[in-house]
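A.B. asks: The file below is run_27.txt, compact mmCIF, C-alpha atoms:
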# COMPACT_ATOMS: atom_id res chain seq x y z
CA MET J 792 23.77 -25.82 26.80
CA GLU J 793 19.99 -25.72 26.30
CA ILE J 794 18.48 -22.24 26.04
CA SER J 795 14.93 -21.55 27.25
CA ALA J 796 12.33 -20.31 24.82
CA THR J 797 12.04 -17.03 26.73
CA LEU J 798 15.77 -16.33 26.58
CA ALA J 799 15.90 -17.30 22.90
CA THR J 800 13.02 -14.93 22.15
CA VAL J 801 14.73 -12.05 23.96
CA ILE J 802 17.99 -12.69 22.08
CA VAL J 803 16.28 -12.79 18.68
CA ILE J 804 14.14 -9.70 19.32
CA VAL J 805 17.22 -7.75 20.44
CA ILE J 806 19.10 -8.85 17.31
CA VAL J 807 16.30 -7.94 14.88
CA LEU J 808 15.69 -4.54 16.50
CA ALA J 809 19.41 -3.77 16.58
CA LEU J 810 19.80 -4.63 12.90
CA ILE J 811 16.77 -2.52 11.92
CA PHE J 812 17.97 0.52 13.87
CA LEU J 813 21.47 0.10 12.39
CA GLY J 814 19.89 0.54 8.97
CA CYS J 815 20.12 -3.05 7.71
CA PRO J 816 17.57 -4.04 5.05
CA ILE J 817 14.48 -5.64 6.56
CA PHE J 818 15.07 -8.95 4.77
CA LEU J 819 18.58 -9.18 6.25
CA SER J 820 17.34 -8.27 9.74
CA LEU J 821 14.63 -10.94 9.61
CA GLY J 822 16.80 -13.57 7.95
CA VAL J 823 19.80 -13.25 10.28
CA SER J 824 17.73 -13.13 13.47
CA GLY J 825 15.50 -15.98 12.27
CA VAL J 826 18.45 -18.22 11.43
CA ILE J 827 20.08 -17.51 14.79
CA GLY J 828 16.80 -18.22 16.57
CA ILE J 829 16.30 -21.55 14.76
CA LEU J 830 19.90 -22.53 15.42
CA ILE J 831 19.74 -21.94 19.19
CA THR J 832 16.32 -23.58 19.61
CA ARG J 833 16.34 -26.44 17.10
CA GLY J 834 19.97 -26.87 16.24
CA ILE J 835 21.49 -27.83 12.90
CA VAL J 836 18.62 -30.20 12.08
CA GLY J 837 16.05 -27.42 12.30
CA LEU J 838 18.27 -25.10 10.29
CA ALA J 839 18.64 -27.72 7.54
CA GLN J 840 14.85 -27.84 7.13
CA SER J 841 14.51 -24.07 6.62
CA PRO J 842 15.39 -23.88 2.88
CA ALA J 843 12.62 -26.35 2.00
CA MET J 844 10.10 -24.37 4.05
CA MET J 845 11.19 -21.12 2.39
CA PHE J 846 10.69 -22.62 -1.04
CA ALA J 847 7.26 -23.94 -0.05
CA GLN J 848 6.27 -20.45 1.06
CA LEU J 849 7.25 -19.00 -2.33
CA ASP J 850 5.60 -21.84 -4.28
CA ASN J 851 2.21 -20.13 -4.22
CA PHE J 852 0.11 -19.44 -7.32
CA VAL J 853 -1.38 -16.31 -5.72
CA LEU J 854 2.05 -14.67 -5.65
CA VAL J 855 2.29 -14.92 -9.46
CA ALA J 856 -0.07 -11.93 -9.60
CA ALA J 857 2.44 -9.69 -7.81
CA PRO J 858 5.04 -9.31 -10.61
CA LEU J 859 2.28 -8.90 -13.20
CA TYR J 860 0.66 -6.00 -11.35
CA ILE J 861 4.09 -4.49 -10.70
CA LEU J 862 4.83 -4.76 -14.43
CA MET J 863 1.53 -3.04 -15.23
CA GLY J 864 2.47 -0.16 -12.93
CA GLU J 865 5.95 0.16 -14.44
CA VAL J 866 4.54 0.27 -17.97
CA LEU J 867 1.98 2.92 -17.01
CA PHE J 868 4.81 4.93 -15.47
CA ILE J 869 6.38 5.48 -18.91
CA THR J 870 3.12 6.59 -20.55
CA GLY J 871 1.35 9.93 -20.30
CA ILE J 872 -1.70 8.40 -18.64
CA GLY J 873 -0.92 10.02 -15.29
CA ARG J 874 -0.70 13.44 -16.92
CA ASP J 875 -4.03 12.93 -18.66
CA LEU J 876 -5.70 11.86 -15.42
CA TYR J 877 -4.39 14.86 -13.53
CA GLU J 878 -5.39 17.27 -16.29
CA ALA J 879 -8.93 15.87 -16.42
CA PHE J 880 -9.45 16.09 -12.67
CA SER J 881 -7.89 19.56 -12.45
CA ARG J 882 -10.22 20.90 -15.18
CA TRP J 883 -13.31 19.49 -13.48
CA LEU J 884 -12.35 20.41 -9.90
CA HIS J 885 -10.55 23.74 -10.36
CA TRP J 886 -13.53 25.67 -8.95
CA LEU J 887 -13.15 24.08 -5.51
CA PRO J 888 -11.03 25.76 -2.81
CA GLY J 889 -7.68 24.00 -3.17
CA GLY J 890 -8.97 22.45 -6.40
CA LEU J 891 -5.56 21.40 -7.73
CA ALA J 892 -4.76 19.56 -4.49
CA VAL J 893 -8.15 17.82 -4.62
CA ALA J 894 -7.48 16.92 -8.26
CA SER J 895 -4.14 15.43 -7.19
CA ILE J 896 -5.88 13.24 -4.61
CA PHE J 897 -8.38 11.81 -7.09
CA ALA J 898 -5.73 11.44 -9.81
CA CYS J 899 -3.61 9.40 -7.37
CA ALA J 900 -6.66 7.28 -6.52
CA ALA J 901 -7.41 6.64 -10.20
CA PHE J 902 -3.80 5.82 -10.98
CA GLY J 903 -3.72 3.56 -7.93
CA ALA J 904 -6.60 1.59 -9.47
CA MET J 905 -4.19 0.65 -12.25
CA SER J 906 -0.81 0.30 -10.53
CA GLY J 907 -1.19 -0.92 -6.93
CA VAL J 908 2.17 0.57 -5.84
CA SER J 909 2.09 3.78 -3.79
CA ILE J 910 5.52 5.17 -4.67
CA VAL J 911 4.72 4.87 -8.39
CA ALA J 912 1.51 6.86 -7.87
CA VAL J 913 3.41 9.57 -5.96
CA ALA J 914 6.07 9.79 -8.66
CA VAL J 915 3.72 9.81 -11.66
CA ILE J 916 1.19 12.33 -10.32
CA GLY J 917 3.60 14.34 -8.18
CA VAL J 918 6.02 15.16 -10.98
CA MET J 919 3.19 17.06 -12.74
CA ALA J 920 0.91 18.18 -9.92
CA VAL J 921 3.42 19.63 -7.45
CA PRO J 922 5.18 22.03 -9.87
CA GLU J 923 1.77 23.15 -11.18
CA MET J 924 0.52 23.88 -7.66
CA LEU J 925 3.70 25.74 -6.72
CA LYS J 926 3.42 27.81 -9.91
CA ARG J 927 -0.13 28.74 -8.90
CA GLY J 928 1.04 29.95 -5.49
CA TYR J 929 0.03 26.93 -3.40
CA ASP J 930 1.75 26.50 -0.05
CA PRO J 931 4.52 23.86 -0.45
CA SER J 932 3.21 21.77 2.44
CA VAL J 933 -0.28 21.68 0.89
CA ALA J 934 1.10 20.69 -2.51
CA ALA J 935 3.44 17.99 -1.18
CA GLY J 936 1.06 16.66 1.48
CA SER J 937 -1.86 16.07 -0.86
CA VAL J 938 0.16 13.99 -3.33
CA THR J 939 2.27 12.14 -0.77
CA ALA J 940 -0.76 11.05 1.25
CA ALA J 941 -3.00 10.27 -1.73
CA GLY J 942 -0.27 8.14 -3.32
CA ALA J 943 -0.84 5.66 -0.48
CA LEU J 944 -4.36 5.03 -1.82
CA ALA J 945 -2.72 2.71 -4.36
CA MET J 946 -2.14 0.29 -1.46
CA LEU J 947 -5.85 0.12 -0.69
CA ILE J 948 -7.63 0.61 -4.01
CA PRO J 949 -7.28 -2.58 -6.07
CA PRO J 950 -5.19 -3.98 -7.56
CA SER J 951 -3.11 -3.83 -4.38
CA LEU J 952 0.22 -5.56 -3.87
CA LEU J 953 -0.40 -5.73 -0.11
CA PHE J 954 -3.71 -7.55 -0.61
CA ILE J 955 -1.90 -10.14 -2.74
CA LEU J 956 0.72 -10.68 -0.03
CA TYR J 957 -1.89 -10.87 2.72
CA GLY J 958 -4.04 -13.28 0.69
CA ALA J 959 -1.03 -15.56 0.19
CA GLU J 960 -0.10 -15.46 3.89
CA ALA J 961 -3.63 -15.76 5.31
CA HIS J 962 -5.14 -18.02 2.61
CA VAL J 963 -7.92 -15.49 2.03
CA SER J 964 -9.49 -14.78 -1.37
CA VAL J 965 -7.50 -12.02 -3.08
CA ALA J 966 -10.51 -11.24 -5.28
CA ARG J 967 -12.64 -10.50 -2.20
CA LEU J 968 -9.83 -8.43 -0.68
CA PHE J 969 -9.59 -6.39 -3.87
CA ILE J 970 -13.32 -5.70 -3.95
CA GLY J 971 -13.37 -5.01 -0.22
CA GLY J 972 -10.75 -2.28 -0.60
CA ILE J 973 -12.88 -0.18 -2.98
CA ILE J 974 -15.23 1.46 -0.46
CA PRO J 975 -12.52 2.27 2.15
CA GLY J 976 -10.35 3.69 -0.65
CA ILE J 977 -13.12 5.94 -1.95
CA VAL J 978 -14.11 7.08 1.55
CA LEU J 979 -10.49 7.90 2.43
CA ALA J 980 -10.02 9.88 -0.80
CA ILE J 981 -13.18 11.87 -0.05
CA MET J 982 -12.07 12.54 3.54
CA MET J 983 -8.70 13.82 2.31
CA SER J 984 -10.43 16.09 -0.21
CA ILE J 985 -12.84 17.47 2.40
CA TYR J 986 -9.87 18.29 4.64
CA VAL J 987 -8.16 20.22 1.83
CA VAL J 988 -11.33 22.21 1.02
CA ILE J 989 -12.03 23.10 4.66
CA ARG J 990 -8.42 24.07 5.33
CA VAL J 991 -8.26 26.34 2.28
CA ILE J 992 -11.63 27.94 3.13
CA LEU J 993 -10.29 28.75 6.60
CA LYS J 994 -6.95 29.98 5.22
CA PRO J 995 -7.30 30.99 1.53
CA ASP J 996 -3.65 32.07 1.21
CA LEU J 997 -2.63 28.39 1.25
CA ALA J 998 -4.12 27.81 -2.20
CA PRO J 999 -5.05 30.85 -4.34
CA ARG J 1000 -8.02 30.41 -6.65
CA ILE J 1001 -7.37 29.84 -10.35
CA ALA J 1002 -8.31 33.02 -12.20
CA GLU J 1003 -8.86 31.71 -15.73
CA ARG J 1004 -12.18 30.26 -16.79
CA ILE J 1005 -12.26 26.68 -18.03
CA THR J 1006 -14.96 26.02 -20.61
CA TRP J 1007 -17.23 22.99 -20.67
CA LYS J 1008 -15.70 22.05 -24.00
CA ALA J 1009 -12.27 21.88 -22.38
CA ARG J 1010 -13.65 19.80 -19.52
CA PHE J 1011 -15.29 17.23 -21.77
CA GLY J 1012 -12.27 17.32 -24.06
CA SER J 1013 -10.07 16.19 -21.17
CA LEU J 1014 -12.31 13.14 -20.66
CA SER J 1015 -11.57 11.97 -24.20
CA ARG J 1016 -7.96 11.30 -23.14
CA VAL J 1017 -8.67 9.21 -20.05
CA TRP J 1018 -10.48 6.37 -21.79
CA PRO J 1019 -7.36 4.13 -21.68
CA ALA J 1020 -7.42 4.37 -17.87
CA VAL J 1021 -11.10 3.50 -17.75
CA VAL J 1022 -10.61 0.55 -20.10
CA LEU J 1023 -7.72 -0.81 -18.04
CA ILE J 1024 -9.60 -0.48 -14.74
CA VAL J 1025 -12.65 -2.23 -16.19
CA LEU J 1026 -10.48 -4.99 -17.65
CA VAL J 1027 -8.77 -5.68 -14.33
CA LEU J 1028 -11.49 -5.10 -11.73
CA GLY J 1029 -14.45 -5.98 -13.94
CA THR J 1030 -13.13 -9.44 -14.77
CA ILE J 1031 -12.43 -10.11 -11.09
CA TYR J 1032 -15.77 -8.86 -9.79
CA THR J 1033 -17.80 -10.79 -12.37
CA GLY J 1034 -15.85 -13.96 -11.66
CA VAL J 1035 -14.59 -14.26 -15.23
CA CYS J 1036 -10.96 -14.23 -14.10
CA THR J 1037 -8.96 -14.88 -10.96
CA PRO J 1038 -6.82 -11.97 -9.70
CA THR J 1039 -3.76 -13.68 -11.21
CA GLU J 1040 -5.43 -14.02 -14.62
CA SER J 1041 -6.67 -10.42 -14.50
CA ALA J 1042 -3.11 -9.35 -13.67
CA GLY J 1043 -1.95 -10.95 -16.91
CA ILE J 1044 -4.72 -9.15 -18.79
CA GLY J 1045 -3.75 -5.86 -17.12
CA ALA J 1046 -0.06 -6.25 -17.91
CA ALA J 1047 -0.77 -7.09 -21.55
CA GLY J 1048 -3.33 -4.29 -21.77
CA SER J 1049 -0.90 -1.74 -20.36
CA TYR J 1050 1.67 -2.63 -23.02
CA ILE J 1051 -0.97 -2.36 -25.76
CA ILE J 1052 -2.10 1.06 -24.49
CA ALA J 1053 1.50 2.25 -24.08
CA ALA J 1054 2.34 1.18 -27.63
CA ALA J 1055 -0.85 2.02 -29.52
CA VAL J 1056 -2.03 5.17 -27.69
CA TYR J 1057 1.11 6.77 -26.26
CA ARG J 1058 3.77 5.38 -28.64
CA ALA J 1059 5.96 4.82 -25.60
CA VAL J 1060 7.18 1.25 -26.18
CA ASN J 1061 10.61 0.58 -27.64
CA TRP J 1062 13.50 -1.71 -26.77
CA LYS J 1063 14.80 0.75 -24.16
CA THR J 1064 11.48 1.09 -22.34
CA LEU J 1065 10.77 -2.63 -22.65
CA ARG J 1066 14.07 -3.42 -20.99
CA ALA J 1067 13.56 -0.75 -18.33
CA THR J 1068 10.08 -1.98 -17.34
CA LEU J 1069 11.11 -5.63 -17.22
CA THR J 1070 14.28 -4.83 -15.23
CA ALA J 1071 12.38 -2.73 -12.68
CA THR J 1072 9.74 -5.44 -12.31
CA MET J 1073 12.34 -8.14 -11.73
CA ARG J 1074 14.15 -5.99 -9.18
CA ILE J 1075 11.02 -5.27 -7.13
CA THR J 1076 9.76 -8.86 -7.43
CA GLY J 1077 13.13 -10.20 -6.33
CA MET J 1078 13.07 -7.91 -3.30
CA ILE J 1079 9.60 -9.13 -2.33
CA CYS J 1080 10.57 -12.78 -2.75
CA ILE J 1081 13.64 -12.32 -0.54
CA ILE J 1082 11.51 -10.65 2.14
CA VAL J 1083 8.95 -13.48 1.98
CA ALA J 1084 11.67 -16.13 2.29
CA CYS J 1085 13.48 -14.41 5.17
CA ALA J 1086 10.20 -13.69 6.96
CA MET J 1087 9.48 -17.42 6.71
CA ALA J 1088 12.68 -18.16 8.64
CA PHE J 1089 11.75 -15.60 11.27
CA GLY J 1090 8.19 -16.95 11.47
CA GLN J 1091 9.52 -20.50 11.82
CA PHE J 1092 11.44 -19.43 14.92
CA LEU J 1093 8.39 -17.65 16.36
CA ASN J 1094 6.30 -20.80 15.90
CA THR J 1095 9.03 -22.83 17.60
CA VAL J 1096 8.83 -20.66 20.73
CA ARG J 1097 4.98 -20.54 20.49
CA ILE J 1098 4.67 -16.76 20.13
CA PRO J 1099 1.37 -16.91 18.14
CA GLU J 1100 -0.15 -19.25 20.73
CA ILE J 1101 0.98 -17.04 23.61
CA LEU J 1102 -0.50 -14.00 21.88
CA VAL J 1103 -3.82 -15.81 21.36
CA GLU J 1104 -3.94 -16.77 25.05
CA PHE J 1105 -3.23 -13.17 26.05
CA CYS J 1106 -5.84 -11.65 23.73
CA VAL J 1107 -8.54 -14.12 24.79
CA GLY J 1108 -7.65 -13.98 28.47
CA VAL J 1109 -7.29 -10.24 29.00
CA PRO J 1110 -10.41 -8.82 30.73
CA TRP J 1111 -11.10 -6.20 28.06
CA PRO J 1112 -13.79 -5.87 25.40
CA ARG J 1113 -12.57 -7.49 22.21
CA VAL J 1114 -12.59 -4.17 20.38
CA GLY J 1115 -10.24 -2.79 23.03
CA VAL J 1116 -7.78 -5.62 22.40
CA PHE J 1117 -8.11 -5.09 18.66
CA LEU J 1118 -7.42 -1.35 18.99
CA LEU J 1119 -4.31 -2.17 21.04
CA LEU J 1120 -3.08 -4.41 18.20
CA MET J 1121 -3.81 -1.63 15.69
CA PHE J 1122 -1.81 0.85 17.77
CA PHE J 1123 1.07 -1.64 17.86
CA LEU J 1124 0.96 -1.90 14.05
CA ILE J 1125 0.95 1.90 13.67
CA ILE J 1126 4.11 2.20 15.79
CA LEU J 1127 5.78 -0.71 13.99
CA GLY J 1128 4.85 0.79 10.63
CA MET J 1129 6.96 3.85 11.40
CA PHE J 1130 10.07 1.64 11.12
CA ILE J 1131 9.12 -1.15 8.68
CA ASP J 1132 7.69 -0.87 5.15
CA GLY J 1133 4.16 -2.04 4.38
CA ALA J 1134 5.03 -5.21 2.44
CA SER J 1135 7.33 -6.45 5.19
CA MET J 1136 4.69 -5.63 7.80
CA VAL J 1137 2.10 -7.80 6.07
CA ILE J 1138 4.49 -10.71 5.62
CA VAL J 1139 5.90 -10.58 9.16
CA THR J 1140 2.86 -9.76 11.28
CA THR J 1141 0.13 -11.80 9.57
CA PRO J 1142 1.28 -15.26 10.78
CA ILE J 1143 1.70 -13.83 14.29
CA LEU J 1144 -1.45 -11.74 14.68
CA LEU J 1145 -4.00 -13.57 12.52
CA PRO J 1146 -4.53 -16.47 14.98
CA ALA J 1147 -5.28 -13.90 17.70
CA ILE J 1148 -7.64 -12.00 15.39
CA ILE J 1149 -9.56 -15.20 14.62
CA ALA J 1150 -9.62 -16.12 18.32
CA LEU J 1151 -11.22 -12.75 19.04
CA GLY J 1152 -13.99 -13.67 16.58
CA TYR J 1153 -13.07 -11.35 13.70
CA ASP J 1154 -13.32 -12.24 10.01
CA PRO J 1155 -9.86 -12.74 8.39
CA LEU J 1156 -11.14 -11.03 5.22
CA TRP J 1157 -12.24 -7.97 7.20
CA TYR J 1158 -8.95 -7.92 9.11
CA GLY J 1159 -6.95 -7.97 5.86
CA ILE J 1160 -8.75 -4.85 4.63
CA ILE J 1161 -8.32 -3.13 8.02
CA LEU J 1162 -4.63 -4.12 8.09
CA VAL J 1163 -3.93 -2.49 4.72
CA LEU J 1164 -5.94 0.58 5.76
CA ASN J 1165 -3.74 0.76 8.86
CA LEU J 1166 -0.60 0.47 6.75
CA GLU J 1167 -1.65 3.54 4.76
CA MET J 1168 0.01 5.40 7.62
CA ALA J 1169 3.23 3.38 7.39
CA VAL J 1170 4.27 4.84 4.02
CA ILE J 1171 3.76 8.46 5.08
CA THR J 1172 5.25 8.47 8.60
CA PRO J 1173 8.95 9.09 9.27
CA PRO J 1174 11.55 7.76 9.57
CA VAL J 1175 10.87 5.00 7.00
CA GLY J 1176 7.88 6.39 5.08
CA LEU J 1177 8.74 5.58 1.47
CA ASN J 1178 6.30 8.11 0.02
CA LEU J 1179 8.12 10.93 1.85
CA TYR J 1180 11.40 10.09 0.16
CA THR J 1181 9.72 9.57 -3.20
CA MET J 1182 8.22 13.06 -2.98
CA LYS J 1183 11.57 14.57 -2.01
CA SER J 1184 13.25 12.83 -4.96
CA ILE J 1185 10.91 14.39 -7.55
CA THR J 1186 11.04 18.01 -6.36
CA GLU J 1187 13.94 20.24 -5.40
CA ASP J 1188 11.71 23.17 -4.37
CA ILE J 1189 10.29 21.51 -1.23
CA ASP J 1190 12.40 20.35 1.71
CA MET J 1191 11.68 17.31 3.88
CA GLY J 1192 10.44 19.47 6.75
CA GLN J 1193 7.72 20.97 4.56
CA ILE J 1194 6.74 17.52 3.29
CA ILE J 1195 6.41 16.17 6.84
CA ARG J 1196 4.40 19.20 7.99
CA GLY J 1197 2.08 18.73 5.03
CA ILE J 1198 1.61 15.02 5.69
CA LEU J 1199 0.92 15.05 9.43
CA PRO J 1200 -2.79 16.08 9.18
CA TYR J 1201 -3.36 13.20 6.76
CA VAL J 1202 -2.08 10.73 9.36
CA GLY J 1203 -4.94 11.89 11.59
CA ILE J 1204 -7.40 11.59 8.70
CA GLU J 1205 -6.27 8.04 7.95
CA PHE J 1206 -6.57 7.12 11.63
CA ALA J 1207 -10.11 8.51 11.71
CA CYS J 1208 -10.97 6.51 8.59
CA LEU J 1209 -9.47 3.41 10.22
CA LEU J 1210 -11.76 3.84 13.23
CA ILE J 1211 -14.81 4.24 10.96
CA PHE J 1212 -14.22 0.87 9.31
CA ILE J 1213 -13.24 -0.86 12.54
CA PHE J 1214 -16.58 0.06 14.06
CA SER J 1215 -18.53 -0.52 10.80
CA PRO J 1216 -17.46 -3.98 9.58
CA GLN J 1217 -20.65 -4.32 7.51
CA LEU J 1218 -19.52 -1.34 5.42
CA THR J 1219 -16.23 -3.07 4.71
CA LEU J 1220 -17.74 -6.44 3.83
CA TRP J 1221 -20.75 -5.23 1.82
CA LEU J 1222 -19.17 -5.38 -1.66
CA PRO J 1223 -17.35 -8.71 -1.10
CA GLY J 1224 -20.67 -10.14 0.13
CA LEU J 1225 -22.28 -9.33 -3.23
CA MET J 1226 -19.80 -11.59 -5.02
CA GLY J 1227 -21.64 -14.66 -3.73
Can the structure from this file be put into structure tokens for me?
C.D. replies:
Amino acid sequence: MEISATLATVIVIVIVLALIFLGCPIFLSLGVSGVIGILITRGIVGLAQSPAMMFAQLDNFVLVAAPLYILMGEVLFITGIGRDLYEAFSRWLHWLPGGLAVASIFACAAFGAMSGVSIVAVAVIGVMAVPEMLKRGYDPSVAAGSVTAAGALAMLIPPSLLFILYGAEAHVSVARLFIGGIIPGIVLAIMMSIYVVIRVILKPDLAPRIAERITWKARFGSLSRVWPAVVLIVLVLGTIYTGVCTPTESAGIGAAGSYIIAAAVYRAVNWKTLRATLTATMRITGMICIIVACAMAFGQFLNTVRIPEILVEFCVGVPWPRVGVFLLLMFFLIILGMFIDGASMVIVTTPILLPAIIALGYDPLWYGIILVLNLEMAVITPPVGLNLYTMKSITEDIDMGQIIRGILPYVGIEFACLLIFIFSPQLTLWLPGLMG
């Protein structure tokens, strides 16, 4: 019996949603529903072609950068570089209302410029910053919220794993995506810091001032320990921006440089740590590859039933201003991000939404930066926000309710930042435009 495309679409959507809400891993939900969809629309012949298409999707040189940047983040995790960053920022910013929380935000941003993985930034900075803030009398929601939200900056500030995945899916320059993420990342970090300062000014009990005086000698002394971070950032981003290296080549430089710094500066490399970093990298890389392959099967079904084409026709045909249609798509992504992790969102939604974005007249490079900025909210919103669970795993003194209460204002801040860059595309594309 032949099944219509509409009925097949309904069946597959019901299956994928049911599997997600039952708690199945996203790769399994996409893979099972995609295979069923291909089977009922194209039969055994179509199903037999899927493995070759999955392999072709993974056979992409851009994706080689992903495990290298993940490895760099894992190596930095075992060093004391996060502690040194936090100490330097806390000594320079202690005079501000809520200074330790502001220091946490900028330390997460700096660490994100070396790792590209948000949960690593939360774990590295949070394990030092949160206990210190609690010891100083900070409100638990202020302490947890600042680190949990700022950890997401690693997704936006290059090198970013999500930019690599989007570049591979959309065939957009990863180097330009990396450079384009710098200004939104800095602006978002500043907006978060301004929120903390204003909130503490209005309610000083949330973050008592630090009584002891920190000398200028101590401040400049803390800078002497952050030079490895500066060197690594310059090595990775500098070589990309100047055109000396591709993002994949700079990833290799960053991974090698992180091992050299871990061994020579922090004396943190031995057979145990070497095995641990390589094992963690292989595990995360394997997970990403499985998601990419299964998303390919799901995307193959969607192309069979013409979902991208239907969406393009709807977006072009609806009698709204194009920015109104775009905001509707952004709202859809925000809701979807509450249930699906950022990497899966990029892989699944890009083939579906990008044709509509292009049809509306938007630049794919600009959309990639806006997409990742949107997904900043995905990692901090329940029920699937990975940063929330990472924060809970590193502290026993703060419950999940306090973490969520602390994070909710930052969702609003990130949404406001998203609107700024939606309505100011020239601000987003200024730095990539300088690359020539």
A.B. asks: Could you tell me how far CA of Leu968 in chain J sits from CA of Ala894 in chain J, in Å to one decimal place?
C.D. replies: 26.6 Å
A.B. asks: Just the number, please: distance in Å from CA of Leu821 in chain J to CA of Glu1100 in chain J, one decimal.
C.D. replies: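 Straight-line distance from CA of Leu821 in chain J to CA of Glu1100 in chain J works out to 20.3 Å.
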A.B. asks: So how many Å separate CA of Ala900 in chain J and CA of Val988 in chain J, to one decimal?
C.D. replies: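 That distance, rounded to one decimal, is 17.4 Å.
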A.B. asks: Starting from the point (3.9, -5.7, -3.9), work out which residues of protein, DNA or RNA have an atom no more than 7 Å away when counting all atoms listed in the file; state them as a list in words.
C.D. replies: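 Neighbouring residues, ordered by chain and number, come to Ala857, Ile861, Val908, Leu952, Leu953, Ile1079 and Ala1134 of chain J.
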A.B. asks: Which residues are close to Phe818 in chain J, i.e. within 8 Å by all atoms listed in the file, leaving aside same-chain residues fewer than 4 positions away? Reply as JSON, numbers by chain.
C.D. replies: {"J": [822, 1081, 1082, 1085, 1086]}
A.B. asks: Pick out the residues sitting within 10 Å of Lys1183 in chain J, and hand them over as JSON, numbers by chain; count all atoms listed in the file, and ignore anything fewer than 4 positions along from it in its own chain.
C.D. replies: {"J": [914, 935, 939, 1178, 1179, 1187, 1188, 1189, 1190, 1191, 1193, 1194]}
A.B. asks: Between J:Phe1206, J:Gly942, J:Trp883, J:Pro1223, which residue has the minimum interatomic distance to Thr1006 in chain J, considering all atoms listed in the file?
C.D. replies: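 Among the listed residues, J:Trp883 lies closest to Thr1006 in chain J.
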A.B. asks: Do you know which residues are at most 10 Å from Leu944 in chain J counting all atoms listed in the file, after dropping those on the same chain fewer than 2 positions away, and could you put them as a PyMOL selection string?
C.D. replies: chain J and resi 896-897+899-904+907-909+912-913+939-942+946-949+951+972+975-977+979-980+1163-1164+1167
A.B. asks: Under the rule that all atoms listed in the file are counted, which of J:Asn1061, J:Thr1039, J:Gln1091, J:Ser1015 is the nearest residue to Gly828 in chain J?
C.D. replies: J:Gln1091
A.B. asks: Counting only C-alpha atoms, which residue out of J:Ala966, J:Ile804, J:Met905, J:Pro1110 sits closest to Glu1040 in chain J?
C.D. replies: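 Of J:Ala966, J:Ile804, J:Met905, J:Pro1110, the one nearest Glu1040 in chain J, counting only C-alpha atoms, is J:Ala966.
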A.B. asks: Contacts of Ser1135 in chain J at 12 Å or less, counting all atoms listed in the file, minus same-chain residues fewer than 4 places along, as a ChimeraX atom specification?
C.D. replies: /J:816-821,952-953,956-957,960,1078-1087,1089,1124,1127-1128,1130-1131,1139-1141,1163,1166,1169-1170
A.B. asks: Write the selection just made, keeping C-alpha atoms, as a compact mmCIF listing (two decimals), in the coordinates of the input?
C.D. replies:
# COMPACT_ATOMS: atom_id res chain seq x y z
CA PRO J 816 17.57 -4.04 5.05
CA ILE J 817 14.48 -5.64 6.56
CA PHE J 818 15.07 -8.95 4.77
CA LEU J 819 18.58 -9.18 6.25
CA SER J 820 17.34 -8.27 9.74
CA LEU J 821 14.63 -10.94 9.61
CA LEU J 952 0.22 -5.56 -3.87
CA LEU J 953 -0.40 -5.73 -0.11
CA LEU J 956 0.72 -10.68 -0.03
CA TYR J 957 -1.89 -10.87 2.72
CA GLU J 960 -0.10 -15.46 3.89
CA MET J 1078 13.07 -7.91 -3.30
CA ILE J 1079 9.60 -9.13 -2.33
CA CYS J 1080 10.57 -12.78 -2.75
CA ILE J 1081 13.64 -12.32 -0.54
CA ILE J 1082 11.51 -10.65 2.14
CA VAL J 1083 8.95 -13.48 1.98
CA ALA J 1084 11.67 -16.13 2.29
CA CYS J 1085 13.48 -14.41 5.17
CA ALA J 1086 10.20 -13.69 6.96
CA MET J 1087 9.48 -17.42 6.71
CA PHE J 1089 11.75 -15.60 11.27
CA LEU J 1124 0.96 -1.90 14.05
CA LEU J 1127 5.78 -0.71 13.99
CA GLY J 1128 4.85 0.79 10.63
CA PHE J 1130 10.07 1.64 11.12
CA ILE J 1131 9.12 -1.15 8.68
CA VAL J 1139 5.90 -10.58 9.16
CA THR J 1140 2.86 -9.76 11.28
CA THR J 1141 0.13 -11.80 9.57
CA VAL J 1163 -3.93 -2.49 4.72
CA LEU J 1166 -0.60 0.47 6.75
CA ALA J 1169 3.23 3.38 7.39
CA VAL J 1170 4.27 4.84 4.02
A.B. asks: Considering only C-alpha atoms, state which residue in the set J:Met1168, J:Ile827, J:Ile811, J:Ile916 is at the smallest distance from Ile1125 in chain J.
C.D. replies: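 Of all the options, J:Met1168 lies closest to Ile1125 in chain J.
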A.B. asks: From the set J:Phe868, J:Tyr1180, J:Phe1122, J:Tyr1032, which residue has the shortest atom-to-atom contact distance to Ala1053 in chain J, counting all atoms listed in the file?
C.D. replies: J:Phe868
A.B. asks: When distances are computed from all atoms listed in the file, which of J:Met924, J:Ala847, J:Leu1120, J:Val1137 shows the smallest separation from Ser937 in chain J?
C.D. replies: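 Closest residue, counting all atoms listed in the file: J:Met924.
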A.B. asks: How would you write as a PyMOL selection string the residues that get within 7 Å of (0.6, 11.5, 9.8) in the file's frame, counting only C-alpha atoms?
C.D. replies: chain J and resi 1168+1171-1172+1198-1203
A.B. asks: Could you write those residues out with C-alpha atoms, as a CSV table (one decimal), in the coordinates of the input?
C.D. replies:
chain,number,residue,atom,x,y,z
J,1168,MET,CA,0.0,5.4,7.6
J,1171,ILE,CA,3.8,8.5,5.1
J,1172,THR,CA,5.2,8.5,8.6
J,1198,ILE,CA,1.6,15.0,5.7
J,1199,LEU,CA,0.9,15.0,9.4
J,1200,PRO,CA,-2.8,16.1,9.2
J,1201,TYR,CA,-3.4,13.2,6.8
J,1202,VAL,CA,-2.1,10.7,9.4
J,1203,GLY,CA,-4.9,11.9,11.6
